[in-house]
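Inspection log for the structure reproduced underneath, given as structure tokens.
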Number of protein chains: 2
Amino acid sequence: MKRENNAHCKNVNCTQKGGNEVCLCPVGNVINVVSKKWALLIIATIGNNEKIRYTKIMKNLADISPKTLADRLKELENFGLIERETFDEIPPRVEYSLTQDGIELRDSMIPLMEWASKKKK
Amino acid sequence: MKRENNAHCKNVNCTQKGGNEVCLCPVGNVINVVSKKWALLIIATIGNNEKIRYTKIMKNLADISPKTLADRLKELENFGLIERETFDEIPPRVEYSLTQDGIELRDSMIPLMEWASKKKK
DNA sequence: CCGAATCCGTAAAGATACTG
DNA sequence: CAGTATCTTTACGGATTCGG
């Protein structure tokens with residue numbers, strides 16, 4: 001059976017049915033960045049602070065390892081979701097903040113976080 | 001400085017500031033299930049179909065491996081987000097559907113999926 | 001045939017110690 | 001302070017196999 005017309009997706013190989021569903025074909029890239037472990041929580045943490053330093057993110061996300069945090073910050077920056085500002089001071093200071101895209105992402109994940117929040121325990 | 005009152009969180013160790021932010025303290029568990037690779041896409045796929053079989057999920061998520069799908073389905077079932085119904089037929093038939101919690105999750109992630117959808121190239 | 005389970009190699013995440 | 005380096009552990013992917 002050839003698939004029905006789908007308002008959400010122009011991909012001819014899309015196997016989703018038409019209707020009011022959310023088509024998943026175009027979601028791949030972003031989701032793969034965003035669904036890595038800690039990624040959403042990092043975005044949310046930065047979003048809660050406007051500007052925030054590496055050590056403070058570490059404290060807020062108590063169980064993250066420094067390596068994972070550094071890796072994730074680099075990815076999120078490369079992806080244009082966060083911004084990294086360095087200051088030539090001793091001791092060094094680096095501040096992270098959300099870009100416009102990051103803010104949009106943060107806003108769009110608030111319902112998810114609230115669901116998770118009330119779901120826990 | 002002791003932290004300010006935070007309407008979202010009763011955890012005394014919460015390091016978030018007060019205000020209109022989303023507190024992350026209670027989010028841990030669920031997020032760790034949900035932010036595993038493919039988890040959100042599986043939820044979304046099942047949510048798009050009410051009932052759906054293993055093989056059809058495989059087709060919809062073209063690049064997932066059978067092992068990863070089986071692993072994720074088990075986790076999501078254990079977590080009470082999806083339901084697994086087996087039929088004693090040959091060839092065997094297994095249908096997956098969202099639980100009430102799964103439906104809530106699905107609803108709460110729609111904005112995120114839509115953001116991802118319009119963000120992608 | 002369908003829905004996995006198994007085995008195995010690679011990639012990602014965690015723990016800890018350490019440095020510019 | 002803001003990360004690296006290094007090592008161990010866990011997660012993921014790919015092919016094959018298998019019971020019903």
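Residue numbers start at 1 in each chain; chains themselves are named A, B, ... in the order of the structure tokens; ligands are numbered from 1 in the order shown.
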
Under the rule of at most 9 Å, produce a per-residue listing of chain D near chain A: chain, number, name, the closest pair of atoms, and the distance in Å, as CSV, using only C-alpha atoms (C1' of nucleotides).
residue,atom,partner,partner_atom,distance
D:DC1,C1',A:Pro92,CA,5.5
D:DA2,C1',A:Tyr54,CA,6.7
D:DG3,C1',A:Ala70,CA,7.3
D:DT4,C1',A:Lys67,CA,8.3

### Task
Using only C-alpha atoms (C1' of nucleotides), determine which residues of chain C fall within 8 Å of chain B; present them as number ranges by chain.
C: 1-4

### Residue contacts of C:DG14 (9 Å, only C-alpha atoms (C1' of nucleotides)) excluding same-chain residues fewer than 5 positions away, as a VMD selection string
(chain A and resid 64 to 65 67 to 68) or (chain D and resid 8 to 10)

Print the selection's residues with C-alpha atoms (C1' of nucleotides) to a file, as a compact mmCIF listing (two decimals), in the first residue's frame.
# COMPACT_ATOMS: atom_id res chain seq x y z
CA ILE A 64 27.64 14.39 35.66
CA SER A 65 31.34 13.75 35.09
CA LYS A 67 34.42 14.81 30.74
CA THR A 68 30.82 14.26 29.79
C1' DT D 8 37.13 1.22 33.08
C1' DT D 9 32.41 0.39 32.19
C1' DT D 10 28.19 0.70 29.85

### Task
Figure out the distance between atom CA of A:Lys118 and atom CA of A:Gly47, please, to one decimal in Å.
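About the pair atom CA of A:Gly47 and atom CA of A:Lys118: they are 19.8 Å apart.
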
### One-decimal distance in Å that lies between atom C1' of D:DG19 and atom CA of B:Ala62
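Between atom CA of B:Ala62 and atom C1' of D:DG19 the gap is 25.8 Å.
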
#### Entry: Exercise: stretch 79-84 of chain A partners within 8 Å, only C-alpha atoms (C1' of nucleotides), chain neighbours under 6 positions left out, as a list in words
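Listed by chain and then number, they are Ile43, Leu73, Val94, Glu95, Tyr96, Ser97, Leu98, Thr99, Gln100, Asp101, Gly102 and Ile103 of chain A.
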
Could you save those same residues with N, CA and C atoms as a PDB file, in the first residue's frame?
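Listing of selection13.pdb after writing:
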ATOM      1  N   ILE A  43      20.848  22.022  28.806  1.00  0.00           N
ATOM      2  CA  ILE A  43      20.095  23.128  28.216  1.00  0.00           C
ATOM      3  C   ILE A  43      19.189  23.778  29.263  1.00  0.00           C
ATOM      4  N   LEU A  73      29.008  20.150  26.190  1.00  0.00           N
ATOM      5  CA  LEU A  73      29.053  21.592  25.959  1.00  0.00           C
ATOM      6  C   LEU A  73      29.619  21.894  24.580  1.00  0.00           C
ATOM      7  N   VAL A  94      34.699  31.205  32.387  1.00  0.00           N
ATOM      8  CA  VAL A  94      33.996  30.889  31.148  1.00  0.00           C
ATOM      9  C   VAL A  94      32.511  30.893  31.445  1.00  0.00           C
ATOM     10  N   GLU A  95      31.762  31.619  30.639  1.00  0.00           N
ATOM     11  CA  GLU A  95      30.324  31.678  30.860  1.00  0.00           C
ATOM     12  C   GLU A  95      29.559  31.100  29.678  1.00  0.00           C
ATOM     13  N   TYR A  96      28.595  30.275  29.994  1.00  0.00           N
ATOM     14  CA  TYR A  96      27.752  29.664  28.965  1.00  0.00           C
ATOM     15  C   TYR A  96      26.362  30.279  28.997  1.00  0.00           C
ATOM     16  N   SER A  97      25.788  30.430  27.814  1.00  0.00           N
ATOM     17  CA  SER A  97      24.417  30.927  27.730  1.00  0.00           C
ATOM     18  C   SER A  97      23.740  30.303  26.516  1.00  0.00           C
ATOM     19  N   LEU A  98      22.428  30.376  26.479  1.00  0.00           N
ATOM     20  CA  LEU A  98      21.688  29.837  25.341  1.00  0.00           C
ATOM     21  C   LEU A  98      21.706  30.811  24.164  1.00  0.00           C
ATOM     22  N   THR A  99      21.788  30.290  22.959  1.00  0.00           N
ATOM     23  CA  THR A  99      21.572  31.105  21.763  1.00  0.00           C
ATOM     24  C   THR A  99      20.057  31.229  21.548  1.00  0.00           C
ATOM     25  N   GLN A 100      19.679  31.930  20.491  1.00  0.00           N
ATOM     26  CA  GLN A 100      18.250  32.035  20.193  1.00  0.00           C
ATOM     27  C   GLN A 100      17.641  30.650  19.949  1.00  0.00           C
ATOM     28  N   ASP A 101      18.350  29.832  19.183  1.00  0.00           N
ATOM     29  CA  ASP A 101      17.885  28.460  18.964  1.00  0.00           C
ATOM     30  C   ASP A 101      17.779  27.695  20.276  1.00  0.00           C
ATOM     31  N   GLY A 102      18.768  27.887  21.131  1.00  0.00           N
ATOM     32  CA  GLY A 102      18.759  27.214  22.422  1.00  0.00           C
ATOM     33  C   GLY A 102      17.565  27.617  23.264  1.00  0.00           C
ATOM     34  N   ILE A 103      17.238  28.900  23.197  1.00  0.00           N
ATOM     35  CA  ILE A 103      16.079  29.392  23.948  1.00  0.00           C
ATOM     36  C   ILE A 103      14.800  28.764  23.418  1.00  0.00           C
TER      37      ILE A 103
END

### Task
Extract, using only C-alpha atoms (C1' of nucleotides), all DNA, RNA and protein residues at most 12 Å from D:DT16, discarding same-chain residues fewer than 2 positions from it, and format them as JSON, numbers by chain.
{"B": [66], "C": [5, 6, 7, 8], "D": [14, 18]}

Create the file for the chosen residues now, containing C-alpha atoms (C1' of nucleotides) and written as a PDB file, in the first residue's frame.
ATOM      1  CA  PRO B  66      16.717  -4.870  16.247  1.00  0.00           C
TER       2      PRO B  66
ATOM      3  C1'  DA C   5      18.042 -13.376  21.729  1.00  0.00           C
ATOM      4  C1'  DT C   6      22.998 -13.927  21.186  1.00  0.00           C
ATOM      5  C1'  DC C   7      27.497 -12.685  20.146  1.00  0.00           C
ATOM      6  C1'  DC C   8      30.786  -9.388  19.259  1.00  0.00           C
TER       7       DC C   8
ATOM      8  C1'  DG D  14      25.248  -5.234  12.869  1.00  0.00           C
ATOM      9  C1'  DC D  18      16.198 -19.375  16.775  1.00  0.00           C
TER      10       DC D  18
END

### Task
Considering only C-alpha atoms (C1' of nucleotides), return as number ranges by chain whatever protein or nucleic-acid residues lie within 9 Å of stretch 110-112 of chain A, sequence-local ones (same chain, fewer than 2 positions apart) excluded.
A: 44, 105-108, 114-117; B: 22, 105-112

Residues from last step as file, C-alpha atoms, as a PDB file, in the first residue's frame:
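Full text of result11.pdb as output:
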ATOM      1  CA  ALA A  44      17.560  23.463  31.012  1.00  0.00           C
ATOM      2  CA  LEU A 105      14.580  24.523  22.374  1.00  0.00           C
ATOM      3  CA  ARG A 106      14.403  25.266  26.048  1.00  0.00           C
ATOM      4  CA  ASP A 107      10.898  26.662  25.690  1.00  0.00           C
ATOM      5  CA  SER A 108       9.759  23.677  23.673  1.00  0.00           C
ATOM      6  CA  GLU A 114       7.217  19.446  33.874  1.00  0.00           C
ATOM      7  CA  TRP A 115       5.822  16.047  33.046  1.00  0.00           C
ATOM      8  CA  ALA A 116       9.066  14.408  34.171  1.00  0.00           C
ATOM      9  CA  SER A 117       8.982  16.487  37.296  1.00  0.00           C
TER      10      SER A 117
ATOM     11  CA  VAL B  22      12.094  24.973  35.862  1.00  0.00           C
ATOM     12  CA  LEU B 105       4.677  11.827  27.894  1.00  0.00           C
ATOM     13  CA  ARG B 106       3.858  11.802  24.221  1.00  0.00           C
ATOM     14  CA  ASP B 107       1.676  14.859  24.598  1.00  0.00           C
ATOM     15  CA  SER B 108       4.319  16.694  26.584  1.00  0.00           C
ATOM     16  CA  MET B 109       7.004  16.090  23.982  1.00  0.00           C
ATOM     17  CA  ILE B 110       5.039  17.325  20.996  1.00  0.00           C
ATOM     18  CA  PRO B 111       6.391  20.877  21.208  1.00  0.00           C
ATOM     19  CA  LEU B 112       9.910  19.453  21.313  1.00  0.00           C
TER      20      LEU B 112
END
